[in-house]
file start_30.cif (mmCIF, C-alpha atoms and all ligand atoms)
data_final
#
loop_
_atom_site.label_atom_id
_atom_site.label_comp_id
_atom_site.auth_asym_id
_atom_site.auth_seq_id
_atom_site.Cartn_x
_atom_site.Cartn_y
_atom_site.Cartn_z
CA MET Q 179 132.31 5.19 152.99
CA SER Q 180 134.56 6.63 150.30
CA ALA Q 181 138.32 6.13 150.24
CA ALA Q 182 138.75 9.84 150.93
CA ASP Q 183 136.60 9.51 154.05
CA SER Q 184 138.62 6.62 155.35
CA ARG Q 185 141.83 8.66 155.03
CA LYS Q 186 140.39 11.42 157.24
CA PRO Q 187 141.33 11.12 160.91
CA TRP Q 188 138.58 9.18 162.69
CA MET Q 189 137.86 11.68 165.39
CA ALA Q 190 137.43 14.59 162.98
CA ARG Q 191 135.27 12.52 160.68
CA LEU Q 192 133.13 11.31 163.56
CA ALA Q 193 132.69 14.78 164.97
CA ASP Q 194 131.80 16.10 161.49
CA SER Q 195 129.29 13.39 160.75
CA ALA Q 196 127.69 13.60 164.19
CA LYS Q 197 127.28 17.36 163.82
CA ALA Q 198 125.82 16.99 160.36
CA ARG Q 199 123.30 14.39 161.48
CA VAL Q 200 122.33 16.28 164.57
CA ARG Q 201 121.69 19.35 162.44
CA THR Q 202 119.50 17.25 160.17
CA SER Q 203 117.57 15.80 163.04
CA ARG Q 204 117.09 19.20 164.66
CA ALA Q 205 115.89 20.70 161.44
CA GLY Q 206 113.35 17.92 161.08
CA GLY Q 207 112.58 17.78 164.79
CA SER Q 208 109.89 20.37 165.10
CA SER Q 209 108.00 19.14 162.08
CA ARG Q 210 108.09 15.57 163.41
CA LEU Q 211 106.66 16.88 166.65
CA GLY Q 212 103.95 18.69 164.69
CA PRO Q 213 100.95 17.44 162.72
CA GLY Q 214 103.05 15.06 160.59
CA ALA Q 215 103.82 13.05 163.69
CA ALA Q 216 100.19 12.13 164.16
CA LYS Q 217 100.29 10.40 160.77
CA ALA Q 218 103.19 8.17 161.81
CA PRO Q 219 102.53 4.57 160.72
CA ASP Q 220 101.93 1.41 162.77
CA GLY Q 221 102.90 1.20 166.42
CA ALA Q 222 104.89 4.40 166.10
CA SER Q 223 101.69 6.43 166.43
CA HIS Q 224 101.46 6.32 170.23
CA ARG Q 225 105.08 7.44 170.48
CA ALA Q 226 104.32 10.20 167.98
CA ARG Q 227 101.49 11.40 170.23
CA ALA Q 228 103.84 11.29 173.21
CA ALA Q 229 106.29 13.39 171.26
CA GLN Q 230 103.55 15.93 170.59
CA GLY Q 231 102.82 15.97 174.30
CA LEU Q 232 106.44 16.85 175.07
CA GLY Q 233 106.27 19.49 172.35
CA LEU Q 234 109.10 21.84 171.68
CA THR Q 235 110.52 21.48 175.17
CA SER Q 236 112.20 18.19 174.30
CA GLU Q 237 115.20 19.91 172.75
CA ARG Q 238 115.72 21.89 175.95
CA LEU Q 239 115.33 18.72 178.02
CA ARG Q 240 118.03 17.07 175.90
CA GLU Q 241 120.33 20.05 176.30
CA ARG Q 242 119.94 19.78 180.06
CA MET Q 243 120.60 16.04 179.91
CA VAL Q 244 123.79 16.71 177.94
CA GLU Q 245 124.86 19.33 180.48
CA ARG Q 246 124.45 16.71 183.22
CA LEU Q 247 126.48 14.23 181.17
CA ARG Q 248 129.25 16.83 180.80
CA SER Q 249 129.30 17.52 184.52
CA SER Q 250 129.53 13.75 185.12
CA GLY Q 251 132.70 13.69 183.04
CA VAL Q 252 131.52 12.77 179.53
CA ILE Q 253 133.72 14.72 177.11
CA HIS Q 254 133.63 13.06 173.69
CA PRO Q 255 132.08 15.59 171.28
CA ALA Q 256 130.55 12.96 168.99
CA VAL Q 257 128.80 11.26 171.94
CA LEU Q 258 127.49 14.55 173.33
CA ALA Q 259 126.33 15.67 169.88
CA ALA Q 260 124.57 12.37 169.19
CA MET Q 261 122.77 12.44 172.54
CA ALA Q 262 121.81 16.08 172.09
CA GLY Q 263 120.22 15.22 168.75
CA ILE Q 264 118.48 11.87 169.26
CA GLU Q 265 114.97 12.13 170.66
CA ARG Q 266 115.13 9.63 173.50
CA HIS Q 267 111.43 10.05 174.30
CA ARG Q 268 110.62 8.34 170.98
CA PHE Q 269 112.20 5.12 172.27
CA VAL Q 270 110.03 4.67 175.38
CA ASP Q 271 106.34 4.14 175.98
CA GLU Q 272 104.02 7.14 175.90
CA ALA Q 273 103.41 6.94 179.64
CA LEU Q 274 107.16 7.30 180.28
CA ALA Q 275 107.98 9.91 177.62
CA SER Q 276 108.06 12.76 180.14
CA ARG Q 277 110.78 10.89 182.09
CA ALA Q 278 112.90 10.06 179.05
CA TYR Q 279 115.54 12.70 179.79
CA GLU Q 280 116.02 11.84 183.48
CA ASP Q 281 119.24 10.04 184.27
CA THR Q 282 117.53 6.76 184.90
CA ALA Q 283 116.91 3.39 183.28
CA LEU Q 284 113.29 2.92 182.17
CA PRO Q 285 111.26 -0.22 181.38
CA ILE Q 286 110.75 -1.05 177.68
CA GLY Q 287 108.60 -4.17 178.18
CA PHE Q 288 109.53 -7.87 178.20
CA GLU Q 289 111.31 -7.29 181.56
CA GLN Q 290 113.99 -5.24 179.77
CA THR Q 291 115.16 -1.65 180.25
CA ILE Q 292 116.62 1.20 178.25
CA SER Q 293 119.97 2.02 179.90
CA GLN Q 294 120.34 5.30 181.78
CA PRO Q 295 121.80 8.11 179.64
CA LEU Q 296 125.06 8.29 181.60
CA ILE Q 297 125.74 4.59 181.03
CA VAL Q 298 124.92 4.93 177.32
CA ALA Q 299 127.38 7.83 177.10
CA LEU Q 300 130.16 6.10 179.07
CA MET Q 301 129.84 2.87 177.10
CA THR Q 302 129.88 4.74 173.79
CA GLU Q 303 132.94 6.73 174.88
CA ALA Q 304 134.64 3.48 175.83
CA VAL Q 305 133.83 2.03 172.40
CA LEU Q 306 135.28 5.14 170.75
CA GLY Q 307 138.52 4.50 172.64
CA ALA Q 308 139.18 1.60 170.23
CA PRO Q 309 141.88 2.27 167.60
CA ARG Q 310 139.21 2.02 164.88
CA VAL Q 311 135.43 1.90 164.98
CA ALA Q 312 134.73 1.11 161.33
CA ARG Q 313 132.70 -2.00 162.25
CA VAL Q 314 130.94 -2.28 165.58
CA LEU Q 315 128.65 -4.90 167.11
CA GLU Q 316 126.02 -4.19 169.75
CA VAL Q 317 124.47 -7.13 171.60
CA GLY Q 318 121.04 -6.25 173.05
CA THR Q 319 119.28 -3.74 170.77
CA GLY Q 320 116.38 -3.33 173.21
CA CYS Q 321 114.45 -0.24 172.10
CA GLY Q 322 117.28 0.83 169.78
CA TYR Q 323 118.41 4.02 171.53
CA GLN Q 324 122.00 2.92 172.22
CA ALA Q 325 122.20 1.57 168.66
CA ALA Q 326 121.22 5.00 167.31
CA VAL Q 327 123.91 6.71 169.40
CA LEU Q 328 126.53 4.21 168.20
CA ALA Q 329 125.45 4.61 164.58
CA GLN Q 330 126.01 8.34 164.79
CA CYS Q 331 129.50 7.87 166.20
CA CYS Q 332 130.87 4.81 164.34
CA GLY Q 333 131.26 3.40 160.83
CA GLU Q 334 129.01 0.35 160.34
CA VAL Q 335 126.96 -0.80 163.32
CA TYR Q 336 125.31 -4.22 163.67
CA SER Q 337 122.91 -4.62 166.58
CA ILE Q 338 121.44 -7.98 167.65
CA GLU Q 339 118.35 -8.54 169.80
CA ARG Q 340 117.09 -11.97 170.93
CA ILE Q 341 113.45 -10.93 171.63
CA SER Q 342 111.82 -10.62 168.23
CA ALA Q 343 109.06 -8.25 169.44
CA LEU Q 344 111.74 -5.84 170.74
CA HIS Q 345 113.71 -6.18 167.52
CA GLN Q 346 110.55 -5.13 165.61
CA ARG Q 347 109.91 -2.29 168.06
CA ALA Q 348 113.46 -1.01 167.60
CA ARG Q 349 112.96 -1.07 163.84
CA LEU Q 350 109.91 1.18 164.19
CA ASN Q 351 111.60 3.47 166.70
CA LEU Q 352 114.61 3.91 164.43
CA ARG Q 353 112.79 4.32 161.14
CA ALA Q 354 112.56 8.11 161.24
CA LEU Q 355 116.30 8.48 161.92
CA ARG Q 356 117.18 6.78 158.60
CA LEU Q 357 120.55 5.52 159.79
CA ALA Q 358 121.91 3.85 156.67
CA ASN Q 359 124.94 2.46 158.53
CA LEU Q 360 122.87 0.57 161.15
CA ARG Q 361 121.80 -3.05 160.63
CA LEU Q 362 119.36 -4.65 163.05
CA VAL Q 363 119.46 -8.42 163.42
CA CYS Q 364 117.14 -10.72 165.38
CA GLY Q 365 119.20 -13.52 166.89
CA ASP Q 366 121.27 -14.80 169.80
CA GLY Q 367 124.04 -12.27 170.34
CA MET Q 368 125.95 -14.78 172.46
CA GLN Q 369 126.90 -16.33 169.12
CA GLY Q 370 128.00 -12.95 167.76
CA LEU Q 371 127.57 -12.34 164.04
CA ALA Q 372 130.17 -14.45 162.24
CA GLU Q 373 129.21 -13.20 158.78
CA ALA Q 374 130.14 -9.60 159.66
CA ALA Q 375 133.17 -10.35 161.91
CA PRO Q 376 135.79 -9.27 162.84
CA PHE Q 377 134.54 -6.25 164.79
CA ASP Q 378 136.71 -3.30 165.82
CA ALA Q 379 134.55 -2.83 168.88
CA MET Q 380 131.60 -4.41 170.67
CA LEU Q 381 129.09 -3.04 173.14
CA ILE Q 382 127.31 -5.68 175.19
CA ALA Q 383 124.15 -4.29 176.79
CA ALA Q 384 123.38 -7.30 179.00
CA ALA Q 385 125.41 -8.92 181.77
CA ALA Q 386 127.25 -12.24 181.84
CA SER Q 387 129.90 -13.73 184.10
CA ASP Q 388 132.32 -13.67 181.16
CA LEU Q 389 132.31 -12.54 177.56
CA PRO Q 390 131.02 -15.52 175.49
CA ALA Q 391 133.76 -17.30 173.54
CA ALA Q 392 132.14 -16.56 170.16
CA LEU Q 393 132.31 -12.83 170.87
CA LEU Q 394 135.95 -13.02 172.01
CA GLY Q 395 136.78 -14.79 168.74
CA GLN Q 396 134.99 -12.19 166.59
CA LEU Q 397 136.86 -9.24 168.10
CA ALA Q 398 139.59 -7.84 165.81
CA ILE Q 399 143.15 -7.88 167.15
CA GLY Q 400 143.52 -4.55 168.95
CA GLY Q 401 139.72 -4.27 169.18
CA ARG Q 402 137.79 -3.78 172.40
CA ALA Q 403 134.53 -5.03 173.87
CA VAL Q 404 132.70 -2.95 176.47
CA ALA Q 405 130.61 -5.24 178.65
CA PRO Q 406 129.06 -5.58 182.11
CA LEU Q 407 130.60 -8.68 183.70
CA GLY Q 408 129.46 -10.29 186.93
CA GLY Q 409 126.53 -11.89 188.72
CA ARG Q 410 122.81 -11.25 188.39
CA ASP Q 411 122.48 -8.29 190.75
CA GLU Q 412 125.64 -6.32 190.27
CA GLN Q 413 128.37 -6.24 187.69
CA LEU Q 414 131.50 -4.33 186.75
CA LEU Q 415 131.53 -2.48 183.47
CA CYS Q 416 134.70 -3.73 181.75
CA VAL Q 417 136.72 -3.00 178.65
CA ILE Q 418 138.15 -6.23 177.23
CA THR Q 419 140.92 -5.60 174.70
CA ARG Q 420 142.16 -8.29 172.33
CA ALA Q 421 145.89 -7.69 172.55
CA GLY Q 422 146.87 -10.70 170.38
CA PRO Q 423 145.30 -13.81 168.82
CA ASP Q 424 145.00 -15.47 172.23
CA GLN Q 425 145.66 -12.54 174.51
CA TYR Q 426 142.96 -10.45 176.19
CA THR Q 427 143.30 -7.73 178.83
CA ARG Q 428 140.59 -6.39 181.09
CA GLN Q 429 140.11 -2.90 182.49
CA ILE Q 430 137.36 -2.07 184.99
CA LEU Q 431 135.35 1.13 184.52
CA GLU Q 432 132.68 1.04 187.22
CA ARG Q 433 129.92 -0.76 189.07
CA VAL Q 434 126.75 -1.19 187.05
CA ARG Q 435 123.51 -3.14 186.98
CA PHE Q 436 122.26 -4.70 183.74
CA VAL Q 437 119.66 -7.27 182.76
CA PRO Q 438 121.18 -10.73 182.10
CA LEU Q 439 122.57 -11.92 178.77
CA LEU Q 440 120.39 -14.92 177.87
CA PRO Q 441 120.84 -17.64 175.26
CA GLY Q 442 118.48 -18.36 172.36
CA VAL Q 443 115.77 -16.35 170.66
CA GLU Q 444 112.15 -15.72 171.70
N1 LIG J 1 120.80 -1.00 174.41
C1 LIG J 1 119.44 -1.16 174.83
C2 LIG J 1 119.38 -1.73 176.21
C3 LIG J 1 118.64 -3.00 176.15
S1 LIG J 1 118.57 -3.95 177.64
C4 LIG J 1 118.65 0.12 174.68
O1 LIG J 1 119.20 1.14 174.34
O2 LIG J 1 117.44 0.05 174.89
C5 LIG J 1 119.43 -5.38 177.11
C6 LIG J 1 118.84 -6.12 175.95
O3 LIG J 1 119.68 -7.25 175.71
C7 LIG J 1 117.44 -6.67 176.13
O4 LIG J 1 116.61 -6.19 175.13
C8 LIG J 1 117.63 -8.19 176.02
O5 LIG J 1 116.55 -8.85 175.41
C9 LIG J 1 118.88 -8.27 175.19
N2 LIG J 1 119.61 -9.54 175.25
C10 LIG J 1 119.87 -10.32 176.31
N3 LIG J 1 120.57 -11.41 175.92
C11 LIG J 1 120.76 -11.30 174.57
C12 LIG J 1 121.38 -12.12 173.58
N4 LIG J 1 121.96 -13.28 173.88
N5 LIG J 1 121.37 -11.69 172.30
C13 LIG J 1 120.77 -10.54 171.96
N6 LIG J 1 120.15 -9.73 172.84
C14 LIG J 1 120.14 -10.11 174.14
#
call {"tool": "encode", "arguments": {"input": "start_30.cif", "output": "structure tokens"}}
result
Amino acid sequence: MSAADSRKPWMARLADSAKARVRTSRAGGSSRLGPGAAKAPDGASHRARAAQGLGLTSERLRERMVERLRSSGVIHPAVLAAMAGIERHRFVDEALASRAYEDTALPIGFEQTISQPLIVALMTEAVLGAPRVARVLEVGTGCGYQAAVLAQCCGEVYSIERISALHQRARLNLRALRLANLRLVCGDGMQGLAEAAPFDAMLIAAAASDLPAALLGQLAIGGRAVAPLGGRDEQLLCVITRAGPDQYTRQILERVRFVPLLPGVE
């Protein structure tokens, strides 16, 4: 990011960059859904075929999804623009592609799920409520969809996944988007990412009873972590703000249900 960019007000810059990227992705969208998609490399090919199956209707499906997000109270223009532009059906299995724009969580293998669009939108909005979002950490890359939304709304985004097969899958899913500000890491997100800390904001996509100490320590003063906290079956989506070196406040957003945050790598 240039010095001139960093002097621009964040919101305006974010809205500008989101619009620009969405335009790019729309312009390229139809050709990626066309014959070129069939030539997609590696494991991306089945998703490319699914995309062909959805054809040109996927843009309309996304517009409808965004309308539903708006009527559920999502207002941040950068979030809405990112979700209107990113092809969610490319992040799920072929058999589920036709359901990619429903407001529901879907399985992504390894007993994990892609979060429902409304939760992705609300969590991203909560992240964007931080005073700065120049450096953001996501724990739980999964299929990479939430990471893509964050990368279109924030400065630098680091996303960690503990299941190496999912980390690889996310890499493939995200390749076509060419998000130069997104770094994918395979590792235990409970340890955070000390080499890139401190983070202005964090988005934790898996549930724990409390935010792990390493993550609390890697949050910048004034920064906020958005995380589902609670037991295995039901949690509260919380915003934890680091008010001072040893001072944290907690605000509850709503009831949610996430897969558990687990230690180690597999
Ligand atoms: N944001 C994801 C949702 C993934 S579900 C998406 O858009 O698809 C939550 C993910 O968190 C799972 O992939 C799970 O493997 C991962 N996870 C759980 N504990 C973790 C940990 N300690 N470190 C990194 N990832 C973790």
call {"tool": "closest_residue", "arguments": {"input": "start_30.cif", "among": "Q:Leu284, Q:Val305, Q:Leu439, Q:Val434", "to": "Val327 in chain Q", "atoms": "only C-alpha atoms"}}
result
Q:Val305
call {"tool": "residues_around", "arguments": {"input": "start_30.cif", "residues": "Gln324 in chain Q", "least_positions_apart": "6", "cutoff": "9 Å", "atoms": "only C-alpha atoms", "output": "count of residues only"}}
result
7
call {"tool": "closest_residue", "arguments": {"input": "start_30.cif", "among": "Q:Pro255, Q:Pro406, Q:Gly422, Q:Gly307", "to": "ligand LIG 1 (chain J)", "atoms": "only C-alpha atoms and all ligand atoms"}}
result
Q:Pro406
call {"tool": "axis_aligned_box", "arguments": {"input": "start_30.cif", "around": "ligand LIG 1 (chain J)", "padding_each_side": "6 Å", "output": "JSON"}}
result
{"center_x": 119.3, "center_y": -6.1, "center_z": 174.8, "size_x": 17.4, "size_y": 26.4, "size_z": 17.7}
call {"tool": "atom_distance", "arguments": {"input": "start_30.cif", "atom1": "CA of Gly320 in chain Q", "atom2": "CA of Ser249 in chain Q"}}
result
27.0 Å
call {"tool": "closest_residue", "arguments": {"input": "start_30.cif", "among": "Q:Val244, Q:Met368, Q:Leu306, Q:Ile382", "to": "ligand LIG 1 (chain J)", "atoms": "only C-alpha atoms and all ligand atoms"}}
result
Q:Met368
call {"tool": "residues_near_ligand", "arguments": {"input": "start_30.cif", "ligand": "ligand LIG 1 (chain J)", "cutoff": "8 Å", "atoms": "all atoms listed in the file", "output": "PyMOL selection string"}}
result
chain Q and resi 269+286+288+290-293+298+316-325+338-341+344+364-369+382-385+436-443
call {"tool": "atom_distance", "arguments": {"input": "start_30.cif", "atom1": "CA of Ile297 in chain Q", "atom2": "CA of Ala374 in chain Q"}}
result
26.0 Å
call {"tool": "closest_residue", "arguments": {"input": "start_30.cif", "among": "Q:Glu272, Q:Gln396, Q:Ala312, Q:Glu265", "to": "Glu373 in chain Q", "atoms": "only C-alpha atoms"}}
result
Q:Gln396
call {"tool": "atom_distance", "arguments": {"input": "start_30.cif", "atom1": "CA of Ser236 in chain Q", "atom2": "CA of Asn359 in chain Q"}}
result
25.7 Å
call {"tool": "closest_residue", "arguments": {"input": "start_30.cif", "among": "Q:Leu357, Q:Leu389, Q:Ala259, Q:Leu394", "to": "Ala372 in chain Q", "atoms": "all atoms listed in the file"}}
result
Q:Leu394
call {"tool": "decode", "arguments": {"input": "start_30.cif", "residues": "range 290-327 of chain Q", "atoms": "N, CA and C atoms", "output": "mmCIF file, in the first residue's frame"}}
result
data_model
loop_
_atom_site.group_PDB
_atom_site.id
_atom_site.type_symbol
_atom_site.label_atom_id
_atom_site.label_comp_id
_atom_site.auth_asym_id
_atom_site.auth_seq_id
_atom_site.Cartn_x
_atom_site.Cartn_y
_atom_site.Cartn_z
ATOM 1 N N GLN Q 290 -16.138 -30.240 8.378
ATOM 2 C CA GLN Q 290 -16.139 -28.778 8.522
ATOM 3 C C GLN Q 290 -17.208 -28.184 7.604
ATOM 4 N N THR Q 291 -17.531 -26.914 7.837
ATOM 5 C CA THR Q 291 -18.568 -26.262 7.021
ATOM 6 C C THR Q 291 -18.117 -24.874 6.580
ATOM 7 N N ILE Q 292 -18.662 -24.439 5.453
ATOM 8 C CA ILE Q 292 -18.538 -23.038 5.046
ATOM 9 C C ILE Q 292 -19.667 -22.309 5.772
ATOM 10 N N SER Q 293 -19.355 -21.187 6.416
ATOM 11 C CA SER Q 293 -20.366 -20.479 7.212
ATOM 12 C C SER Q 293 -21.469 -19.930 6.311
ATOM 13 N N GLN Q 294 -22.670 -19.769 6.889
ATOM 14 C CA GLN Q 294 -23.779 -19.229 6.094
ATOM 15 C C GLN Q 294 -23.474 -17.768 5.726
ATOM 16 N N PRO Q 295 -23.944 -17.320 4.556
ATOM 17 C CA PRO Q 295 -23.599 -15.977 4.082
ATOM 18 C C PRO Q 295 -23.887 -14.866 5.099
ATOM 19 N N LEU Q 296 -25.013 -14.962 5.810
ATOM 20 C CA LEU Q 296 -25.332 -13.893 6.761
ATOM 21 C C LEU Q 296 -24.279 -13.804 7.864
ATOM 22 N N ILE Q 297 -23.801 -14.940 8.323
ATOM 23 C CA ILE Q 297 -22.775 -14.934 9.380
ATOM 24 C C ILE Q 297 -21.463 -14.379 8.843
ATOM 25 N N VAL Q 298 -21.108 -14.757 7.610
ATOM 26 C CA VAL Q 298 -19.900 -14.207 6.979
ATOM 27 C C VAL Q 298 -20.012 -12.681 6.930
ATOM 28 N N ALA Q 299 -21.173 -12.191 6.506
ATOM 29 C CA ALA Q 299 -21.373 -10.741 6.370
ATOM 30 C C ALA Q 299 -21.312 -10.052 7.734
ATOM 31 N N LEU Q 300 -21.988 -10.615 8.728
ATOM 32 C CA LEU Q 300 -22.026 -9.975 10.056
ATOM 33 C C LEU Q 300 -20.641 -9.965 10.698
ATOM 34 N N MET Q 301 -19.910 -11.071 10.534
ATOM 35 C CA MET Q 301 -18.573 -11.130 11.134
ATOM 36 C C MET Q 301 -17.634 -10.145 10.433
ATOM 37 N N THR Q 302 -17.771 -10.037 9.113
ATOM 38 C CA THR Q 302 -16.895 -9.103 8.392
ATOM 39 C C THR Q 302 -17.248 -7.660 8.787
ATOM 40 N N GLU Q 303 -18.524 -7.373 8.904
ATOM 41 C CA GLU Q 303 -18.928 -6.025 9.344
ATOM 42 C C GLU Q 303 -18.355 -5.731 10.726
ATOM 43 N N ALA Q 304 -18.406 -6.730 11.590
ATOM 44 C CA ALA Q 304 -17.881 -6.520 12.949
ATOM 45 C C ALA Q 304 -16.377 -6.264 12.904
ATOM 46 N N VAL Q 305 -15.669 -6.984 12.045
ATOM 47 C CA VAL Q 305 -14.224 -6.738 11.875
ATOM 48 C C VAL Q 305 -14.001 -5.296 11.403
ATOM 49 N N LEU Q 306 -14.812 -4.858 10.444
ATOM 50 C CA LEU Q 306 -14.628 -3.515 9.881
ATOM 51 C C LEU Q 306 -14.990 -2.407 10.874
ATOM 52 N N GLY Q 307 -15.564 -2.792 12.006
ATOM 53 C CA GLY Q 307 -15.832 -1.824 13.071
ATOM 54 C C GLY Q 307 -14.577 -1.473 13.863
ATOM 55 N N ALA Q 308 -13.477 -2.188 13.613
ATOM 56 C CA ALA Q 308 -12.208 -1.882 14.308
ATOM 57 C C ALA Q 308 -11.691 -0.532 13.807
ATOM 58 N N PRO Q 309 -10.925 0.189 14.648
ATOM 59 C CA PRO Q 309 -10.423 1.505 14.234
ATOM 60 C C PRO Q 309 -9.557 1.430 12.975
ATOM 61 N N ARG Q 310 -8.790 0.334 12.829
ATOM 62 C CA ARG Q 310 -8.031 0.124 11.588
ATOM 63 C C ARG Q 310 -8.169 -1.350 11.217
ATOM 64 N N VAL Q 311 -8.043 -1.630 9.933
ATOM 65 C CA VAL Q 311 -8.035 -3.035 9.511
ATOM 66 C C VAL Q 311 -6.895 -3.240 8.506
ATOM 67 N N ALA Q 312 -5.737 -2.661 8.857
ATOM 68 C CA ALA Q 312 -4.581 -2.775 7.961
ATOM 69 C C ALA Q 312 -4.019 -4.195 7.998
ATOM 70 N N ARG Q 313 -4.120 -4.865 9.142
ATOM 71 C CA ARG Q 313 -3.577 -6.219 9.276
ATOM 72 C C ARG Q 313 -4.580 -7.072 10.047
ATOM 73 N N VAL Q 314 -5.061 -8.095 9.394
ATOM 74 C CA VAL Q 314 -6.157 -8.887 9.961
ATOM 75 C C VAL Q 314 -5.796 -10.367 9.926
ATOM 76 N N LEU Q 315 -6.181 -11.073 10.991
ATOM 77 C CA LEU Q 315 -5.934 -12.520 11.079
ATOM 78 C C LEU Q 315 -7.258 -13.268 11.069
ATOM 79 N N GLU Q 316 -7.363 -14.275 10.192
ATOM 80 C CA GLU Q 316 -8.504 -15.184 10.269
ATOM 81 C C GLU Q 316 -7.994 -16.530 10.770
ATOM 82 N N VAL Q 317 -8.695 -17.119 11.729
ATOM 83 C CA VAL Q 317 -8.369 -18.473 12.179
ATOM 84 C C VAL Q 317 -9.467 -19.395 11.649
ATOM 85 N N GLY Q 318 -9.075 -20.385 10.841
ATOM 86 C CA GLY Q 318 -10.051 -21.310 10.249
ATOM 87 C C GLY Q 318 -10.368 -20.934 8.814
ATOM 88 N N THR Q 319 -9.391 -21.136 7.911
ATOM 89 C CA THR Q 319 -9.581 -20.775 6.493
ATOM 90 C C THR Q 319 -10.699 -21.583 5.862
ATOM 91 N N GLY Q 320 -10.816 -22.863 6.254
ATOM 92 C CA GLY Q 320 -11.817 -23.739 5.634
ATOM 93 C C GLY Q 320 -11.639 -23.741 4.125
ATOM 94 N N CYS Q 321 -12.724 -23.458 3.403
ATOM 95 C CA CYS Q 321 -12.647 -23.451 1.930
ATOM 96 C C CYS Q 321 -12.110 -22.134 1.394
ATOM 97 N N GLY Q 322 -11.961 -21.125 2.243
ATOM 98 C CA GLY Q 322 -11.343 -19.871 1.808
ATOM 99 C C GLY Q 322 -12.319 -18.754 1.466
ATOM 100 N N TYR Q 323 -13.628 -19.031 1.557
ATOM 101 C CA TYR Q 323 -14.591 -18.001 1.132
ATOM 102 C C TYR Q 323 -14.540 -16.761 2.035
ATOM 103 N N GLN Q 324 -14.597 -16.989 3.349
ATOM 104 C CA GLN Q 324 -14.553 -15.850 4.280
ATOM 105 C C GLN Q 324 -13.235 -15.074 4.112
ATOM 106 N N ALA Q 325 -12.153 -15.799 3.870
ATOM 107 C CA ALA Q 325 -10.850 -15.150 3.676
ATOM 108 C C ALA Q 325 -10.898 -14.222 2.462
ATOM 109 N N ALA Q 326 -11.569 -14.674 1.393
ATOM 110 C CA ALA Q 326 -11.676 -13.848 0.185
ATOM 111 C C ALA Q 326 -12.470 -12.577 0.473
ATOM 112 N N VAL Q 327 -13.558 -12.716 1.243
ATOM 113 C CA VAL Q 327 -14.373 -11.536 1.573
ATOM 114 C C VAL Q 327 -13.538 -10.558 2.402
#
